[in-house]
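**Student:** If you scroll down you'll find the structure; I have some questions about it.
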Protein chains: 2
Amino acid sequence: MATSNPTRQRRRGHDPESVLSIAVGVFNERGYDGTSMEDLARALGVTKSAIYYHVPGKEQLLGRALDRALDGLFEMVADERAARGVAIDRLEWVLRQSVRILVDRLPYVTLLLRVRGNSATEQAALERRREFDRFVSSLVKEAAVDGSIRADVDPALVTRLLFGTVNSITEWYQPARGASADDLADALLKITFNGLRADAA
Amino acid sequence: MATSNPTRQRRRGHDPESVLSIAVGVFNERGYDGTSMEDLARALGVTKSAIYYHVPGKEQLLGRALDRALDGLFEMVADERAARGVAIDRLEWVLRQSVRILVDRLPYVTLLLRVRGNSATEQAALERRREFDRFVSSLVKEAAVDGSIRADVDPALVTRLLFGTVNSITEWYQPARGASADDLADALLKITFNGLRADAA
DNA sequence: TTGTTTACCGAACATTCGGTCAGTTGACAA
DNA sequence: TTGTCAACTGACCGAATGTTCGGTAAACAA
């Protein structure tokens, strides 16, 4: 019984999941195009050919990683808290959730933000990302129309700067030594909604 | 006399400058590692080998491009307007200038912001960039100490979010159809200093 | 006319690339 | 003890990589 337990100690080795998570780490260090399968093999402690036992190839590895990031974003968009309520409250919620997803799935989101469309896989990811951007942009526009955010800056520009700020977190955030996702979101909302100046509320 | 005029119409062809500017454009489209010399040759309308008549190689092309961006930033740091005056005013000036440099040298700055340290050339650029970041960070710290920016967010975090916002401009800005550098800087300073909320000053 | 320089081409170079495949290893079941 | 199978190795493939080099056509100088 004990020996046939499917959760018993496995013979050591990799599986598609461990290959993916290690690969994404290397992709983020050297860039996807700057990473060879030999680099991945070294990081995994196996030979190049062993990787092909677990995953179909380099580009599928990228595709799976990008889906991890994009699926998170679209789950958020599907939530009713993104659809119901005052626009600026929904915007705040979406911003908080974006920071949370970015932190929870940091390596995957980081990879997504660096994609430039060099292959069909990358272009598909870019298209899904643009769809998410359009959703956020419409939210900002709503908040501008109902007068809850300043009217003297173009909403499209606001969206870009706002999500530029959020996305820039991937450039420096280290989960180990640093603020939690909530702390980060608090600080970001304080600054973006109320401004840097000391006289702010 | 007219025939020996050094500024007379040149026989058509490329020079190191035109090769650099076209190459940087392709680097930004496909990523440096994702760009082959064949890609560059196609964009230049010549064969691969012709490139080596004008420049020593791919990596030197990258190095020259990165220096264009970094030299601009360090010229700004050397200006007395970055050294004299109230901290928050100096910070505002540095932010405005950063936007200006980013717009003026858009492709070079864009390339710089994507460098990950894959070669000695890239590592040297990263080190110069970190030096610039330290300068800005000390400015923000000063402004926090003298009470001109909010004290409830860590100055190091403020610096990162602030320059994350500025740098994110490279992700979407198109000089042709869009705001000028001054318009951009105005919008950015309104949002970052006074916040998004409609009740802001 | 002859010689020189500029800007390039085409072929080839060694190396690295992503990927394949036949075989090997060691843990486990029967 | 034998057989099975997951997990891997090592040799190899064709294609693509950055770079070099001998040659050359056109523009210009003498």
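Labels for the structure tokens follow display order: chains A, B, ..., residues from 1 in each chain, ligands from 1.
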Excluding same-chain residues fewer than 2 positions from DT4 in chain D, what lies within 12 Å of it counting only C-alpha atoms (C1' of nucleotides), as a PDB file with N, CA and C atoms (P, O5', C5', C4', C3', O3' and C1' of nucleotides), in the first residue's frame?
**Tutor:**
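Okay, result14.pdb is ready:
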```pdb
ATOM      1  P    DG C  26      23.564   3.323 -12.751  1.00  0.00           P
ATOM      2  O5'  DG C  26      22.315   3.491 -11.790  1.00  0.00           O
ATOM      3  C5'  DG C  26      21.552   4.690 -11.817  1.00  0.00           C
ATOM      4  C4'  DG C  26      20.105   4.394 -11.452  1.00  0.00           C
ATOM      5  C3'  DG C  26      19.936   3.398 -10.303  1.00  0.00           C
ATOM      6  O3'  DG C  26      18.857   3.839  -9.519  1.00  0.00           O
ATOM      7  C1'  DG C  26      18.685   2.672 -12.132  1.00  0.00           C
ATOM      8  P    DA C  27      18.935   3.706  -7.900  1.00  0.00           P
ATOM      9  O5'  DA C  27      17.388   3.708  -7.503  1.00  0.00           O
ATOM     10  C5'  DA C  27      16.559   4.756  -7.991  1.00  0.00           C
ATOM     11  C4'  DA C  27      15.202   4.208  -8.393  1.00  0.00           C
ATOM     12  C3'  DA C  27      14.524   3.329  -7.332  1.00  0.00           C
ATOM     13  O3'  DA C  27      13.228   3.851  -7.098  1.00  0.00           O
ATOM     14  C1'  DA C  27      14.477   2.271  -9.448  1.00  0.00           C
ATOM     15  P    DC C  28      12.449   3.433  -5.761  1.00  0.00           P
ATOM     16  O5'  DC C  28      11.510   2.251  -6.277  1.00  0.00           O
ATOM     17  C5'  DC C  28      10.457   2.551  -7.192  1.00  0.00           C
ATOM     18  C4'  DC C  28      10.052   1.323  -7.960  1.00  0.00           C
ATOM     19  C3'  DC C  28       9.513   0.170  -7.110  1.00  0.00           C
ATOM     20  O3'  DC C  28       8.088   0.290  -7.044  1.00  0.00           O
ATOM     21  C1'  DC C  28      10.769  -0.536  -9.039  1.00  0.00           C
ATOM     22  P    DA C  29       7.230  -0.836  -6.312  1.00  0.00           P
ATOM     23  O5'  DA C  29       6.889  -1.840  -7.496  1.00  0.00           O
ATOM     24  C5'  DA C  29       6.357  -1.340  -8.722  1.00  0.00           C
ATOM     25  C4'  DA C  29       5.887  -2.490  -9.592  1.00  0.00           C
ATOM     26  C3'  DA C  29       5.088  -3.553  -8.853  1.00  0.00           C
ATOM     27  O3'  DA C  29       4.073  -4.071  -9.719  1.00  0.00           O
ATOM     28  C1'  DA C  29       7.116  -4.514  -9.668  1.00  0.00           C
ATOM     29  P    DA C  30       3.062  -5.204  -9.209  1.00  0.00           P
ATOM     30  O5'  DA C  30       3.692  -6.559  -9.758  1.00  0.00           O
ATOM     31  C5'  DA C  30       3.991  -6.658 -11.147  1.00  0.00           C
ATOM     32  C4'  DA C  30       4.561  -8.032 -11.431  1.00  0.00           C
ATOM     33  C3'  DA C  30       3.874  -9.174 -10.679  1.00  0.00           C
ATOM     34  O3'  DA C  30       3.571 -10.221 -11.571  1.00  0.00           O
ATOM     35  C1'  DA C  30       6.210  -9.226 -10.272  1.00  0.00           C
TER      36       DA C  30
ATOM     37  P    DT D   2      17.654 -14.187 -14.918  1.00  0.00           P
ATOM     38  O5'  DT D   2      16.333 -13.719 -15.679  1.00  0.00           O
ATOM     39  C5'  DT D   2      15.033 -14.114 -15.187  1.00  0.00           C
ATOM     40  C4'  DT D   2      14.057 -12.998 -15.463  1.00  0.00           C
ATOM     41  C3'  DT D   2      14.410 -12.119 -16.669  1.00  0.00           C
ATOM     42  O3'  DT D   2      13.373 -12.232 -17.631  1.00  0.00           O
ATOM     43  C1'  DT D   2      13.733 -10.790 -14.818  1.00  0.00           C
ATOM     44  P    DA D   6       6.860   5.329 -18.439  1.00  0.00           P
ATOM     45  O5'  DA D   6       7.360   6.520 -17.499  1.00  0.00           O
ATOM     46  C5'  DA D   6       7.392   6.358 -16.100  1.00  0.00           C
ATOM     47  C4'  DA D   6       8.680   6.940 -15.534  1.00  0.00           C
ATOM     48  C3'  DA D   6       9.018   8.347 -16.013  1.00  0.00           C
ATOM     49  O3'  DA D   6       9.491   9.076 -14.906  1.00  0.00           O
ATOM     50  C1'  DA D   6      10.805   6.896 -16.542  1.00  0.00           C
TER      51       DA D   6
END
```
**Student:** For chain B, list the residues within 9 Å of chain C, counting only C-alpha atoms (C1' of nucleotides), and write the list as a list in words.
**Tutor:**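 Only these qualify: Arg11, Gly13, His14, Val46, Thr47, Ser49, Ala50 and Tyr53 of chain B.
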**Student:** Select all residues from chain D having any atom no more than 9 Å from an atom of chain A (counting only C-alpha atoms (C1' of nucleotides), ignoring ligands), output as a ChimeraX atom specification.
**Tutor:** /D:7-9
**Student:** Under the rule that only C-alpha atoms are counted, which of A:Ile149, A:Val136, A:Leu62, A:Leu157 is the nearest residue to chain B?
**Tutor:**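 That would be A:Ile149, the residue with the smallest distance to chain B.
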**Student:** At a cut-off of 6 Å, can you tabulate as CSV every residue of chain A near chain B together with its closest atom pair and the distance in Å to one decimal, using only C-alpha atoms and ordering rows by chain then number?
**Tutor:**
```
residue,atom,partner,partner_atom,distance
A:Asp33,CA,B:Gly34,CA,5.5
A:Gly34,CA,B:Asp33,CA,5.5
A:Ser148,CA,B:Ala198,CA,5.4
A:Ile149,CA,B:Ala198,CA,4.3
A:Arg150,CA,B:Ala198,CA,4.1
A:Leu161,CA,B:Thr165,CA,5.8
A:Gly164,CA,B:Ser168,CA,4.8
A:Thr165,CA,B:Thr165,CA,4.5
A:Ser168,CA,B:Gly164,CA,4.8
A:Thr192,CA,B:Gly195,CA,5.2
A:Phe193,CA,B:Leu196,CA,4.6
A:Asn194,CA,B:Gly195,CA,4.1
A:Gly195,CA,B:Gly195,CA,3.6
A:Leu196,CA,B:Phe193,CA,4.6
A:Arg197,CA,B:Ile149,CA,4.5
A:Ala198,CA,B:Arg150,CA,4.0
```
**Student:** Those same residues - C-alpha atoms - I'd like them written as a PDB file, in the first residue's frame.
**Tutor:**
```pdb
ATOM      1  CA  ASP A  33      16.783  35.053 -27.700  1.00  0.00           C
ATOM      2  CA  GLY A  34      19.964  35.286 -25.671  1.00  0.00           C
ATOM      3  CA  SER A 148     -13.231  61.436 -10.760  1.00  0.00           C
ATOM      4  CA  ILE A 149      -9.771  61.827 -12.296  1.00  0.00           C
ATOM      5  CA  ARG A 150      -8.165  64.992 -13.619  1.00  0.00           C
ATOM      6  CA  LEU A 161       1.879  56.169 -17.654  1.00  0.00           C
ATOM      7  CA  GLY A 164       4.096  51.928 -17.213  1.00  0.00           C
ATOM      8  CA  THR A 165       4.539  52.534 -13.503  1.00  0.00           C
ATOM      9  CA  SER A 168       8.200  48.852 -14.182  1.00  0.00           C
ATOM     10  CA  THR A 192      -0.414  57.828  -8.522  1.00  0.00           C
ATOM     11  CA  PHE A 193      -3.763  58.927  -7.065  1.00  0.00           C
ATOM     12  CA  ASN A 194      -2.645  61.617  -4.602  1.00  0.00           C
ATOM     13  CA  GLY A 195       0.771  62.602  -5.876  1.00  0.00           C
ATOM     14  CA  LEU A 196       4.256  62.876  -4.438  1.00  0.00           C
ATOM     15  CA  ARG A 197       3.938  66.294  -2.847  1.00  0.00           C
ATOM     16  CA  ALA A 198       4.009  66.417   0.946  1.00  0.00           C
TER      17      ALA A 198
END
```
**Student:** Using only C-alpha atoms (C1' of nucleotides), which residues sit within 8 Å of Val94 in chain A once same-chain residues fewer than 2 positions away are excluded, as a list in words?
**Tutor:** Met76, Val77, Ala82, Arg90, Leu91, Glu92, Arg96, Gln97 and Ser98 of chain A
**Student:** Go ahead and write the selection's residues with C-alpha atoms as a short mmCIF file (atom, residue, chain, number, x, y, z; two decimals), in the first residue's frame.
**Tutor:**
```
data_model
loop_
_atom_site.label_atom_id
_atom_site.label_comp_id
_atom_site.auth_asym_id
_atom_site.auth_seq_id
_atom_site.Cartn_x
_atom_site.Cartn_y
_atom_site.Cartn_z
CA MET A 76 -9.00 39.45 -13.15
CA VAL A 77 -10.85 41.14 -16.01
CA ALA A 82 -13.83 44.87 -12.49
CA ARG A 90 -12.93 49.59 -10.29
CA LEU A 91 -9.73 51.19 -11.59
CA GLU A 92 -8.22 51.07 -8.10
CA ARG A 96 -4.21 46.49 -6.91
CA GLN A 97 -4.90 43.17 -8.60
CA SER A 98 -2.39 43.93 -11.33
#
```
**Student:** Enumerate, as number ranges by chain, the complete set of residues in range 45-187 of chain A that a backbone-based DSSP assignment places in alpha helix (DSSP H).
**Tutor:** A: 48-54, 58-78, 87-104, 106-113, 120-145, 155-167, 181-187
**Student:** Would you list the contacts of Phe74 in chain B as a ChimeraX atom specification, taking every protein, DNA or RNA residue within 10 Å and counting only C-alpha atoms (C1' of nucleotides), but skipping same-chain residues closer than 5 positions in sequence?
**Tutor:** /B:69,79,128-129,131-132
**Student:** To one decimal place in Å, what is the distance between CA of Gly72 in chain A and CA of Ser18 in chain A?
**Tutor:**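 So the answer is 19.5 Å.
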